[in-house]
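Before any comments, here is the structure.
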Amino acid sequence: MKIAVQSEDFDLNVELARMRESRKDIGALVSFVGLVRDVNDGETVSQLTLEHYPGMTEKALQAIVADAASRWAVLDATVLHRVGSLQASEQIVLVAVASAHRDQAFKACEFIMDYLKTQAPFWKKELTASGERWLDDKESDHDAQKRW
Amino acid sequence: MKIAVQSEDFDLNVELARMRESRKDIGALVSFVGLVRDVNDGETVSQLTLEHYPGMTEKALQAIVADAASRWAVLDATVLHRVGSLQASEQIVLVAVASAHRDQAFKACEFIMDYLKTQAPFWKKELTASGERWLDDKESDHDAQKRW
Amino acid sequence: MKIKIFYFARLKETLKFSSEDLELPDTELSVLKLKGVLAKRSEVWQKMLLGSLKVRGAINHELVDDQALIVDGDEVAFFPPVTGG
Amino acid sequence: MKIKIFYFARLKETLKFSSEDLELPDTELSVLKLKGVLAKRSEVWQKMLLGSLKVRGAINHELVDDQALIVDGDEVAFFPPVTGG
């Protein structure tokens, strides 16, 4: 398991190669990469700033991954989340899950993302032509988390 | 959309970079990579050979991707499937889906995999210590396809 | 009518046929009836096409069931359930 | 009791506080009561902590609700609903 909060970008190939090297019984690798969209709520986003709670973030992510691993047959998992200032199209977050079978990997990966969205202490601020704005949480994200 | 059947390996980073370059409104990239497991049904697998029906395979994959795109907000999709002889840990298949939102990308990616498993004309033959064996289809794959 | 038939995977290996051109007296024929015609060739053909193996059929690159009708010029294929991915 | 409080995102920006060490006469205090203590500081504090903004609390890096009890030495944090990912 690898969990990190970082300002640097990440390389999906490097992360998946590490997971694949660790064991030969992996049959399915499901990855989620979240990107900065250029438009949000109808406004052009020129920059996204991510703040987090340093003492708490990695613990929260570890708890989420441990929860996923207790529900599904997770062989390995990687969660990387960037903080600081990002431009449109940049990578924000990576969640990768390795399992013997695809249904387990899909479920665990989606579960981790749904929990990360509602439980991990990150906050996004967008810069648009009308100035800076902190993003509000979305009801759809709370609904997504509650279904598990 | 990119759909290909090939004997060469593929590079996930290259595929995702191409998808990301095509448009700036992608917020979620979900990828599935299927690997050759070293053990299947209790036997060590030294080689996996994939046969397909050249005239039909790409058409079947295109139909599956079109079906997914009619159900969810798919901005772009890539399906690459290898044929020929593969060793343990090698990549077999890539399904990558780009969407504005993660739930759409997760669903479309899993849907494509479930349909590919039961509708696309590929056949696997394993080489183990006891010789060659064609794999049988799995009830769990048919169930996975029927739930959509 | 003239049709082309492809065989894949276990069927191809066991029947030792990957494809054939076939001329038949019929103007149309169901997939099941074509299986019956082919099954008369030998015990192996009988076993592979009408035995316990689940044989899937395709006409012109579309998966079809046993009742689907084959007409002149069609490309037919027989194969076991698919196992890719 | 002595506690440490962190503020994040909109709260940090508006309150112009990222963290503080606070000494209180109580031996334990609910999260809601601590919000009430802080809200007395000014109208801005009142609005940010007890207004329409949904303020989440954490004690020692665990998300908690308003009834959770804070004791001496705890690290408390207040922030808006999270929006990462």
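Each chain in the structure tokens gets a letter, A, B, ..., in the order shown, and its residues are numbered from 1; ligands are numbered from 1 in order too.
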**Contacts of Leu53 in chain D within 10 Å, only C-alpha atoms, excl. fewer than 2 positions in-chain, as a ChimeraX atom specification** = /A:136 /D:10-11,47-51,55-56,79-81
Save the residues we just selected, N, CA and C atoms, as a PDB file, in the first residue's frame?
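Saved to selection.pdb:
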```
ATOM      1  N   ASP A 136     -18.049  24.259  -2.920  1.00  0.00           N
ATOM      2  CA  ASP A 136     -18.951  23.655  -1.950  1.00  0.00           C
ATOM      3  C   ASP A 136     -18.984  22.153  -2.150  1.00  0.00           C
TER       4      ASP A 136
ATOM      5  N   ARG D  10     -12.056  28.102   3.932  1.00  0.00           N
ATOM      6  CA  ARG D  10     -12.814  29.335   4.078  1.00  0.00           C
ATOM      7  C   ARG D  10     -12.744  29.887   5.511  1.00  0.00           C
ATOM      8  N   LEU D  11     -12.749  28.970   6.497  1.00  0.00           N
ATOM      9  CA  LEU D  11     -12.691  29.436   7.892  1.00  0.00           C
ATOM     10  C   LEU D  11     -11.369  30.142   8.169  1.00  0.00           C
ATOM     11  N   LYS D  47     -20.726  34.159  12.838  1.00  0.00           N
ATOM     12  CA  LYS D  47     -21.261  33.788  11.538  1.00  0.00           C
ATOM     13  C   LYS D  47     -20.574  32.540  10.966  1.00  0.00           C
ATOM     14  N   MET D  48     -19.252  32.476  11.124  1.00  0.00           N
ATOM     15  CA  MET D  48     -18.521  31.356  10.535  1.00  0.00           C
ATOM     16  C   MET D  48     -18.777  30.050  11.287  1.00  0.00           C
ATOM     17  N   LEU D  49     -18.885  30.118  12.611  1.00  0.00           N
ATOM     18  CA  LEU D  49     -18.978  28.875  13.378  1.00  0.00           C
ATOM     19  C   LEU D  49     -20.407  28.430  13.655  1.00  0.00           C
ATOM     20  N   LEU D  50     -21.336  29.384  13.752  1.00  0.00           N
ATOM     21  CA  LEU D  50     -22.715  29.007  14.082  1.00  0.00           C
ATOM     22  C   LEU D  50     -23.701  29.517  13.024  1.00  0.00           C
ATOM     23  N   GLY D  51     -23.195  29.937  11.887  1.00  0.00           N
ATOM     24  CA  GLY D  51     -24.075  30.451  10.829  1.00  0.00           C
ATOM     25  C   GLY D  51     -24.517  29.356   9.877  1.00  0.00           C
ATOM     26  N   VAL D  55     -20.060  23.623   9.354  1.00  0.00           N
ATOM     27  CA  VAL D  55     -18.692  23.497   9.865  1.00  0.00           C
ATOM     28  C   VAL D  55     -18.474  22.087  10.390  1.00  0.00           C
ATOM     29  N   ARG D  56     -17.424  21.438   9.878  1.00  0.00           N
ATOM     30  CA  ARG D  56     -17.066  20.109  10.355  1.00  0.00           C
ATOM     31  C   ARG D  56     -15.988  20.237  11.429  1.00  0.00           C
ATOM     32  N   PHE D  79     -13.400  23.113   9.970  1.00  0.00           N
ATOM     33  CA  PHE D  79     -13.263  23.343   8.532  1.00  0.00           C
ATOM     34  C   PHE D  79     -14.594  23.118   7.832  1.00  0.00           C
ATOM     35  N   PRO D  80     -14.728  23.623   6.611  1.00  0.00           N
ATOM     36  CA  PRO D  80     -15.950  23.385   5.833  1.00  0.00           C
ATOM     37  C   PRO D  80     -15.963  21.929   5.360  1.00  0.00           C
ATOM     38  N   PRO D  81     -17.102  21.450   4.845  1.00  0.00           N
ATOM     39  CA  PRO D  81     -17.141  20.115   4.248  1.00  0.00           C
ATOM     40  C   PRO D  81     -16.001  19.951   3.247  1.00  0.00           C
TER      41      PRO D  81
END
```
**Message:** Which residues are close to Ile112 in chain A, i.e. within 9 Å by only C-alpha atoms, leaving aside same-chain residues fewer than 5 positions away? Reply as an MDAnalysis selection string.
**Reply:** chainID A and resid 61 64:65 67:68 79 95 107 117
Enumerate, in order of chain and increasing residue number, the residues of chain A with an atom no farther than 8 Å from chain D, each with its shortest atom pair and distance in Å to one decimal, counting only C-alpha atoms, as CSV.
```
residue,atom,partner,partner_atom,distance
A:Gly34,CA,D:Gly85,CA,6.6
A:Leu50,CA,D:Gly84,CA,7.6
A:Glu51,CA,D:Ala9,CA,6.8
A:His52,CA,D:Phe8,CA,7.7
A:Tyr53,CA,D:Phe8,CA,7.4
A:Gly55,CA,D:His61,CA,6.8
A:Met56,CA,D:His61,CA,4.7
A:Lys59,CA,D:His61,CA,7.6
A:Ala60,CA,D:Glu62,CA,7.7
A:His81,CA,D:Gly85,CA,7.4
A:Ile92,CA,D:Gly85,CA,6.8
A:Val93,CA,D:Gly85,CA,5.8
A:Met113,CA,D:Gly85,CA,7.0
A:Leu116,CA,D:Gly85,CA,6.5
A:Lys117,CA,D:Gly85,CA,5.4
A:Thr118,CA,D:Val82,CA,5.9
A:Gln119,CA,D:Val82,CA,6.8
A:Ala120,CA,D:Val82,CA,6.7
A:Pro121,CA,D:Val82,CA,5.5
A:Phe122,CA,D:Gly84,CA,4.5
A:Trp123,CA,D:Thr83,CA,4.8
A:Lys124,CA,D:Thr83,CA,5.9
A:Trp134,CA,D:Arg10,CA,6.8
A:Leu135,CA,D:Thr83,CA,6.7
A:Asp136,CA,D:Thr83,CA,6.9
A:Asp137,CA,D:Thr83,CA,5.6
```
**Item:** Within 7 Å of range 35-45 of chain B using only C-alpha atoms, minus same-chain residues under 4 positions, as a PyMOL selection string
**Value:** (chain A and resi 24-28) or (chain B and resi 87-92+126-128)
Those residues you just picked out, can you put them in a file as an mmCIF file, in the first residue's frame with N, CA and C atoms?
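As a result, part.cif now contains:
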```cif
data_model
loop_
_atom_site.group_PDB
_atom_site.id
_atom_site.type_symbol
_atom_site.label_atom_id
_atom_site.label_comp_id
_atom_site.auth_asym_id
_atom_site.auth_seq_id
_atom_site.Cartn_x
_atom_site.Cartn_y
_atom_site.Cartn_z
ATOM 1 N N LYS A 24 2.684 -11.565 -8.477
ATOM 2 C CA LYS A 24 2.351 -12.097 -9.802
ATOM 3 C C LYS A 24 0.915 -12.619 -9.872
ATOM 4 N N ASP A 25 0.157 -12.444 -8.794
ATOM 5 C CA ASP A 25 -1.213 -12.963 -8.801
ATOM 6 C C ASP A 25 -2.246 -11.875 -9.103
ATOM 7 N N ILE A 26 -1.757 -10.712 -9.557
ATOM 8 C CA ILE A 26 -2.671 -9.623 -9.905
ATOM 9 C C ILE A 26 -3.272 -9.897 -11.284
ATOM 10 N N GLY A 27 -4.607 -9.911 -11.351
ATOM 11 C CA GLY A 27 -5.256 -10.105 -12.638
ATOM 12 C C GLY A 27 -5.925 -8.831 -13.126
ATOM 13 N N ALA A 28 -6.179 -7.895 -12.190
ATOM 14 C CA ALA A 28 -6.936 -6.682 -12.529
ATOM 15 C C ALA A 28 -6.346 -5.474 -11.823
ATOM 16 N N GLN B 87 3.097 -13.977 -21.471
ATOM 17 C CA GLN B 87 3.652 -14.615 -20.272
ATOM 18 C C GLN B 87 2.963 -14.058 -19.025
ATOM 19 N N ALA B 88 3.190 -14.719 -17.905
ATOM 20 C CA ALA B 88 2.634 -14.245 -16.629
ATOM 21 C C ALA B 88 3.029 -12.789 -16.398
ATOM 22 N N SER B 89 2.090 -12.016 -15.871
ATOM 23 C CA SER B 89 2.279 -10.592 -15.557
ATOM 24 C C SER B 89 2.158 -9.670 -16.758
ATOM 25 N N GLU B 90 2.090 -10.222 -17.959
ATOM 26 C CA GLU B 90 1.951 -9.340 -19.120
ATOM 27 C C GLU B 90 0.551 -8.730 -19.180
ATOM 28 N N GLN B 91 0.456 -7.579 -19.836
ATOM 29 C CA GLN B 91 -0.827 -6.910 -20.001
ATOM 30 C C GLN B 91 -1.627 -7.584 -21.108
ATOM 31 N N ILE B 92 -2.917 -7.820 -20.848
ATOM 32 C CA ILE B 92 -3.794 -8.428 -21.847
ATOM 33 C C ILE B 92 -4.700 -7.382 -22.481
ATOM 34 N N GLU B 126 -4.417 -21.751 -21.949
ATOM 35 C CA GLU B 126 -3.321 -21.694 -20.978
ATOM 36 C C GLU B 126 -2.358 -22.839 -21.186
ATOM 37 N N LEU B 127 -1.096 -22.567 -20.924
ATOM 38 C CA LEU B 127 -0.096 -23.634 -20.901
ATOM 39 C C LEU B 127 0.334 -23.825 -19.450
ATOM 40 N N THR B 128 0.092 -25.021 -18.932
ATOM 41 C CA THR B 128 0.494 -25.343 -17.552
ATOM 42 C C THR B 128 1.338 -26.610 -17.590
#
```
**Request:** Enter the distance from CA of Glu8 in chain A to CA of Gly84 in chain A, in Å, rounded to one decimal.
**Result:**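 Interatomic distance, CA of Glu8 in chain A to CA of Gly84 in chain A: 9.0 Å.
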**Prompt:** Between C:Lys40, C:Val76, C:Gly57, C:Ser52, which one has atoms that come closest to Asp21 in chain C, using only C-alpha atoms?
**Reply:**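 Checking each of C:Lys40, C:Val76, C:Gly57, C:Ser52 against Asp21 in chain C, counting only C-alpha atoms, the winner is C:Val76.
Closest approach to chain B among A:Asn13, A:Gln6, A:Thr78, A:Ser46 is made by A:Asn13 (distances from only C-alpha atoms).
Put simply, CA of Val83 in chain A is 28.1 Å away from CA of Ser99 in chain A.
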I need the residues in range 88-147 of chain A that are helix (DSSP H, G or I) according to DSSP; give them as a compact mmCIF listing (two decimals) with N, CA and C atoms, in the first residue's frame.
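Generated file (states_25.txt):
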```txt
# COMPACT_ATOMS: atom_id res chain seq x y z
N ARG A 102 -11.58 -8.51 -11.53
CA ARG A 102 -11.92 -7.13 -11.83
C ARG A 102 -13.02 -6.54 -10.97
N ASP A 103 -14.04 -7.34 -10.60
CA ASP A 103 -15.14 -6.76 -9.83
C ASP A 103 -14.64 -6.22 -8.49
N GLN A 104 -13.71 -6.94 -7.87
CA GLN A 104 -13.16 -6.50 -6.59
C GLN A 104 -12.37 -5.20 -6.75
N ALA A 105 -11.57 -5.14 -7.83
CA ALA A 105 -10.75 -3.94 -8.05
C ALA A 105 -11.62 -2.73 -8.37
N PHE A 106 -12.65 -2.93 -9.20
CA PHE A 106 -13.55 -1.81 -9.54
C PHE A 106 -14.25 -1.29 -8.27
N LYS A 107 -14.79 -2.20 -7.49
CA LYS A 107 -15.54 -1.77 -6.31
C LYS A 107 -14.64 -1.04 -5.33
N ALA A 108 -13.47 -1.62 -5.04
CA ALA A 108 -12.58 -1.01 -4.05
C ALA A 108 -12.11 0.37 -4.52
N CYS A 109 -11.82 0.50 -5.81
CA CYS A 109 -11.33 1.79 -6.33
C CYS A 109 -12.43 2.85 -6.23
N GLU A 110 -13.64 2.49 -6.61
CA GLU A 110 -14.73 3.46 -6.56
C GLU A 110 -15.08 3.81 -5.11
N PHE A 111 -15.03 2.82 -4.24
CA PHE A 111 -15.28 3.05 -2.81
C PHE A 111 -14.27 4.05 -2.24
N ILE A 112 -12.99 3.82 -2.54
CA ILE A 112 -11.95 4.71 -2.01
C ILE A 112 -12.18 6.14 -2.50
N MET A 113 -12.51 6.29 -3.79
CA MET A 113 -12.78 7.65 -4.31
C MET A 113 -14.00 8.28 -3.62
N ASP A 114 -15.06 7.51 -3.45
CA ASP A 114 -16.27 8.07 -2.84
C ASP A 114 -16.00 8.50 -1.39
N TYR A 115 -15.21 7.73 -0.67
CA TYR A 115 -14.89 8.09 0.71
C TYR A 115 -13.90 9.24 0.76
N LEU A 116 -12.90 9.20 -0.13
CA LEU A 116 -11.94 10.30 -0.19
C LEU A 116 -12.66 11.63 -0.39
N LYS A 117 -13.64 11.63 -1.28
CA LYS A 117 -14.37 12.86 -1.61
C LYS A 117 -15.12 13.45 -0.42
N THR A 118 -15.53 12.60 0.50
CA THR A 118 -16.38 13.09 1.60
C THR A 118 -15.72 13.01 2.97
N GLN A 119 -14.57 12.32 3.08
CA GLN A 119 -13.98 12.10 4.39
C GLN A 119 -12.55 12.64 4.53
N GLU A 139 -24.06 17.28 -2.98
CA GLU A 139 -24.98 16.26 -2.45
C GLU A 139 -24.72 14.91 -3.13
N SER A 140 -24.40 14.96 -4.43
CA SER A 140 -24.17 13.71 -5.17
C SER A 140 -22.98 12.93 -4.60
N ASP A 141 -21.98 13.65 -4.06
CA ASP A 141 -20.85 12.96 -3.45
C ASP A 141 -21.25 12.30 -2.13
N HIS A 142 -22.09 12.98 -1.36
CA HIS A 142 -22.56 12.37 -0.11
C HIS A 142 -23.41 11.14 -0.40
N ASP A 143 -24.26 11.25 -1.43
CA ASP A 143 -25.08 10.10 -1.82
C ASP A 143 -24.20 8.93 -2.27
N ALA A 144 -23.17 9.25 -3.04
CA ALA A 144 -22.27 8.20 -3.54
C ALA A 144 -21.59 7.47 -2.38
N GLN A 145 -21.24 8.22 -1.35
CA GLN A 145 -20.56 7.59 -0.20
C GLN A 145 -21.52 6.73 0.61
N LYS A 146 -22.75 7.21 0.73
CA LYS A 146 -23.72 6.50 1.60
C LYS A 146 -24.17 5.16 1.03
```
**Message:** What's the separation between CA of Val30 in chain B and CA of Ser31 in chain A, in Å to one decimal place?
**Reply:** 5.6 Å
How would you write, as a CSV table (one decimal) with N, CA, C and O atoms, in the first residue's frame, the set of residues in chain A that DSSP gives as strand (DSSP E)?
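As written to disk, states_37.csv reads:
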```
chain,number,residue,atom,x,y,z
A,2,LYS,N,0.6,2.2,-0.8
A,2,LYS,CA,1.3,3.5,-0.8
A,2,LYS,C,0.3,4.6,-0.8
A,2,LYS,O,-0.6,4.7,-1.6
A,3,ILE,N,0.4,5.5,0.2
A,3,ILE,CA,-0.5,6.6,0.3
A,3,ILE,C,0.4,7.8,0.5
A,3,ILE,O,1.3,7.9,1.3
A,4,ALA,N,0.1,8.9,-0.3
A,4,ALA,CA,1.0,10.1,-0.2
A,4,ALA,C,0.2,11.3,-0.6
A,4,ALA,O,-0.7,11.3,-1.4
A,5,VAL,N,0.5,12.4,0.1
A,5,VAL,CA,0.0,13.7,-0.2
A,5,VAL,C,1.2,14.5,-0.7
A,5,VAL,O,2.2,14.6,0.0
A,6,GLN,N,1.1,15.1,-1.9
A,6,GLN,CA,2.3,15.7,-2.5
A,6,GLN,C,2.0,16.8,-3.4
A,6,GLN,O,0.9,16.9,-3.9
A,28,ALA,N,-6.2,-7.9,-12.2
A,28,ALA,CA,-6.9,-6.7,-12.5
A,28,ALA,C,-6.3,-5.5,-11.8
A,28,ALA,O,-6.1,-5.5,-10.6
A,29,LEU,N,-6.1,-4.4,-12.6
A,29,LEU,CA,-5.6,-3.2,-12.1
A,29,LEU,C,-6.6,-2.1,-12.5
A,29,LEU,O,-6.7,-1.8,-13.7
A,30,VAL,N,-7.3,-1.5,-11.5
A,30,VAL,CA,-8.3,-0.4,-11.8
A,30,VAL,C,-7.7,0.9,-11.3
A,30,VAL,O,-7.3,0.9,-10.1
A,31,SER,N,-7.6,1.9,-12.1
A,31,SER,CA,-7.1,3.2,-11.7
A,31,SER,C,-8.1,4.3,-12.0
A,31,SER,O,-8.8,4.3,-13.0
A,32,PHE,N,-8.1,5.2,-11.1
A,32,PHE,CA,-8.9,6.4,-11.3
A,32,PHE,C,-7.9,7.6,-11.2
A,32,PHE,O,-7.0,7.7,-10.3
A,33,VAL,N,-7.9,8.5,-12.2
A,33,VAL,CA,-7.1,9.7,-12.2
A,33,VAL,C,-8.1,10.9,-12.3
A,33,VAL,O,-8.9,10.9,-13.2
A,34,GLY,N,-8.1,11.8,-11.4
A,34,GLY,CA,-8.9,13.0,-11.4
A,34,GLY,C,-8.1,14.1,-11.9
A,34,GLY,O,-6.9,14.3,-11.6
A,35,LEU,N,-8.7,14.9,-12.9
A,35,LEU,CA,-8.0,16.0,-13.5
A,35,LEU,C,-8.7,17.3,-13.2
A,35,LEU,O,-10.0,17.3,-12.9
A,39,VAL,N,-13.6,24.0,-17.1
A,39,VAL,CA,-14.8,24.7,-16.8
A,39,VAL,C,-15.5,24.0,-15.7
A,39,VAL,O,-15.6,22.8,-15.7
A,40,ASN,N,-16.0,24.8,-14.7
A,40,ASN,CA,-16.8,24.2,-13.6
A,40,ASN,C,-17.9,25.2,-13.3
A,40,ASN,O,-17.7,26.4,-13.2
A,43,GLU,N,-18.1,28.4,-15.4
A,43,GLU,CA,-17.0,29.4,-15.4
A,43,GLU,C,-15.7,28.7,-15.8
A,43,GLU,O,-15.4,27.6,-15.3
A,44,THR,N,-14.9,29.5,-16.5
A,44,THR,CA,-13.6,29.0,-16.9
A,44,THR,C,-12.6,29.0,-15.7
A,44,THR,O,-12.5,30.1,-15.0
A,45,VAL,N,-12.0,27.9,-15.4
A,45,VAL,CA,-11.1,27.8,-14.3
A,45,VAL,C,-9.7,28.0,-14.8
A,45,VAL,O,-9.2,27.2,-15.6
A,46,SER,N,-9.0,29.0,-14.3
A,46,SER,CA,-7.6,29.1,-14.7
A,46,SER,C,-6.6,28.5,-13.7
A,46,SER,O,-5.5,28.1,-14.1
A,47,GLN,N,-7.1,28.3,-12.5
A,47,GLN,CA,-6.2,27.7,-11.5
A,47,GLN,C,-7.0,27.0,-10.4
A,47,GLN,O,-8.1,27.6,-10.0
A,48,LEU,N,-6.5,25.9,-9.9
A,48,LEU,CA,-7.2,25.3,-8.7
A,48,LEU,C,-6.1,25.1,-7.6
A,48,LEU,O,-5.0,24.7,-7.9
A,49,THR,N,-6.5,25.6,-6.4
A,49,THR,CA,-5.6,25.5,-5.3
A,49,THR,C,-6.2,24.5,-4.3
A,49,THR,O,-7.3,24.6,-3.9
A,50,LEU,N,-5.3,23.5,-3.9
A,50,LEU,CA,-5.8,22.5,-3.0
A,50,LEU,C,-5.1,22.7,-1.6
A,50,LEU,O,-3.8,22.6,-1.5
A,51,GLU,N,-5.9,22.8,-0.6
A,51,GLU,CA,-5.4,22.9,0.8
A,51,GLU,C,-5.7,21.6,1.5
A,51,GLU,O,-6.7,20.9,1.1
A,52,HIS,N,-4.9,21.2,2.5
A,52,HIS,CA,-5.3,20.0,3.2
A,52,HIS,C,-4.9,20.2,4.7
A,52,HIS,O,-4.3,21.2,5.1
A,74,VAL,N,-8.3,-6.9,-1.9
A,74,VAL,CA,-7.4,-6.0,-2.4
A,74,VAL,C,-5.9,-6.5,-2.2
A,74,VAL,O,-5.5,-6.8,-1.1
A,75,LEU,N,-5.2,-6.7,-3.3
A,75,LEU,CA,-3.8,-7.2,-3.2
A,75,LEU,C,-2.9,-6.1,-3.0
A,75,LEU,O,-1.8,-6.2,-2.3
A,76,ASP,N,-3.2,-4.9,-3.5
A,76,ASP,CA,-2.3,-3.7,-3.4
A,76,ASP,C,-3.1,-2.5,-3.7
A,76,ASP,O,-4.1,-2.6,-4.5
A,77,ALA,N,-2.8,-1.3,-3.2
A,77,ALA,CA,-3.5,-0.1,-3.5
A,77,ALA,C,-2.5,1.1,-3.4
A,77,ALA,O,-1.6,1.1,-2.6
A,78,THR,N,-2.8,2.1,-4.2
A,78,THR,CA,-2.0,3.3,-4.2
A,78,THR,C,-3.0,4.5,-4.2
A,78,THR,O,-3.9,4.5,-5.0
A,79,VAL,N,-2.8,5.4,-3.3
A,79,VAL,CA,-3.5,6.7,-3.3
A,79,VAL,C,-2.6,7.8,-3.2
A,79,VAL,O,-1.8,8.0,-2.3
A,80,LEU,N,-2.6,8.7,-4.3
A,80,LEU,CA,-1.7,9.9,-4.3
A,80,LEU,C,-2.6,11.0,-4.5
A,80,LEU,O,-3.5,11.0,-5.4
A,81,HIS,N,-2.5,12.1,-3.7
A,81,HIS,CA,-3.3,13.3,-3.8
A,81,HIS,C,-2.4,14.5,-3.8
A,81,HIS,O,-1.6,14.6,-2.9
A,82,ARG,N,-2.6,15.3,-4.8
A,82,ARG,CA,-1.7,16.5,-4.9
A,82,ARG,C,-2.4,17.7,-4.1
A,82,ARG,O,-3.6,17.8,-3.9
A,84,GLY,N,-1.6,22.2,-3.3
A,84,GLY,CA,-1.0,23.4,-3.9
A,84,GLY,C,-1.7,23.8,-5.1
A,84,GLY,O,-2.9,23.5,-5.3
A,85,SER,N,-1.1,24.6,-6.0
A,85,SER,CA,-1.7,25.2,-7.2
A,85,SER,C,-1.6,24.3,-8.4
A,85,SER,O,-0.5,23.9,-8.8
A,86,LEU,N,-2.7,24.1,-9.1
A,86,LEU,CA,-2.8,23.3,-10.3
A,86,LEU,C,-3.5,24.0,-11.4
A,86,LEU,O,-4.4,24.8,-11.1
A,91,GLN,N,-3.2,16.6,-13.3
A,91,GLN,CA,-3.6,15.5,-12.4
A,91,GLN,C,-3.8,16.0,-11.0
A,91,GLN,O,-2.9,16.6,-10.4
A,92,ILE,N,-4.9,15.6,-10.4
A,92,ILE,CA,-5.2,15.9,-9.0
A,92,ILE,C,-4.9,14.7,-8.1
A,92,ILE,O,-4.3,14.8,-7.0
A,93,VAL,N,-5.5,13.6,-8.5
A,93,VAL,CA,-5.6,12.4,-7.6
A,93,VAL,C,-5.4,11.1,-8.4
A,93,VAL,O,-5.9,11.1,-9.5
A,94,LEU,N,-4.8,10.2,-7.8
A,94,LEU,CA,-4.7,8.8,-8.3
A,94,LEU,C,-5.1,7.8,-7.3
A,94,LEU,O,-4.6,7.9,-6.1
A,95,VAL,N,-6.1,7.0,-7.7
A,95,VAL,CA,-6.4,5.8,-6.8
A,95,VAL,C,-6.2,4.6,-7.7
A,95,VAL,O,-6.9,4.5,-8.8
A,96,ALA,N,-5.3,3.7,-7.3
A,96,ALA,CA,-5.1,2.5,-8.1
A,96,ALA,C,-5.3,1.3,-7.2
A,96,ALA,O,-4.7,1.2,-6.1
A,97,VAL,N,-6.0,0.3,-7.7
A,97,VAL,CA,-6.3,-0.9,-6.8
A,97,VAL,C,-6.0,-2.2,-7.7
A,97,VAL,O,-6.4,-2.3,-8.8
A,98,ALA,N,-5.2,-3.1,-7.1
A,98,ALA,CA,-4.8,-4.3,-7.7
A,98,ALA,C,-5.6,-5.5,-7.0
A,98,ALA,O,-5.7,-5.5,-5.8
A,99,SER,N,-6.1,-6.4,-7.8
A,99,SER,CA,-6.9,-7.5,-7.3
A,99,SER,C,-6.7,-8.7,-8.2
A,99,SER,O,-6.2,-8.5,-9.3
A,122,PHE,N,-9.4,17.6,2.4
A,122,PHE,CA,-8.9,18.5,1.3
A,122,PHE,C,-9.9,19.5,1.0
A,122,PHE,O,-11.1,19.2,1.0
A,123,TRP,N,-9.4,20.7,0.5
A,123,TRP,CA,-10.4,21.7,0.1
A,123,TRP,C,-9.9,22.4,-1.2
A,123,TRP,O,-8.7,22.7,-1.3
A,124,LYS,N,-10.8,22.6,-2.1
A,124,LYS,CA,-10.4,23.2,-3.4
A,124,LYS,C,-10.9,24.6,-3.5
A,124,LYS,O,-12.0,25.0,-3.2
A,125,LYS,N,-10.0,25.5,-4.0
A,125,LYS,CA,-10.4,26.9,-4.3
A,125,LYS,C,-10.1,27.1,-5.8
A,125,LYS,O,-9.0,26.8,-6.2
A,126,GLU,N,-11.1,27.6,-6.5
A,126,GLU,CA,-10.9,27.9,-7.9
A,126,GLU,C,-10.6,29.3,-8.2
A,126,GLU,O,-11.2,30.2,-7.5
A,127,LEU,N,-9.8,29.6,-9.2
A,127,LEU,CA,-9.6,30.9,-9.7
A,127,LEU,C,-10.3,31.1,-11.0
A,127,LEU,O,-10.0,30.3,-12.0
A,128,THR,N,-11.2,32.0,-11.1
A,128,THR,CA,-12.0,32.2,-12.4
A,128,THR,C,-11.9,33.7,-12.7
A,128,THR,O,-11.3,34.5,-11.9
A,131,GLY,N,-12.9,35.9,-10.0
A,131,GLY,CA,-12.1,35.9,-8.7
A,131,GLY,C,-12.0,34.5,-8.1
A,131,GLY,O,-12.3,33.5,-8.8
A,132,GLU,N,-11.6,34.4,-6.9
A,132,GLU,CA,-11.4,33.1,-6.2
A,132,GLU,C,-12.7,32.7,-5.6
A,132,GLU,O,-13.5,33.5,-5.1
A,133,ARG,N,-12.9,31.4,-5.6
A,133,ARG,CA,-14.1,30.8,-4.9
A,133,ARG,C,-13.8,29.4,-4.3
A,133,ARG,O,-13.2,28.6,-5.0
A,134,TRP,N,-14.1,29.3,-3.0
A,134,TRP,CA,-14.0,27.9,-2.4
A,134,TRP,C,-15.1,27.1,-3.0
A,134,TRP,O,-16.3,27.5,-3.1
```
Range 35-38 of chain C surroundings by only C-alpha atoms, 9 Å radius, close-in-sequence under 4 positions cut, as a CSV table (one decimal) with C-alpha atoms, in the first residue's frame:
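This went into out.csv:
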```
chain,number,residue,atom,x,y,z
C,30,SER,CA,-31.2,-22.0,-39.6
C,31,VAL,CA,-28.0,-22.1,-37.6
C,42,SER,CA,-18.3,-37.8,-38.4
C,45,TRP,CA,-18.2,-33.2,-35.7
C,46,GLN,CA,-21.4,-34.6,-34.1
C,49,LEU,CA,-21.4,-29.2,-32.7
C,50,LEU,CA,-24.3,-31.0,-31.0
C,66,ASP,CA,-29.7,-21.3,-33.2
```
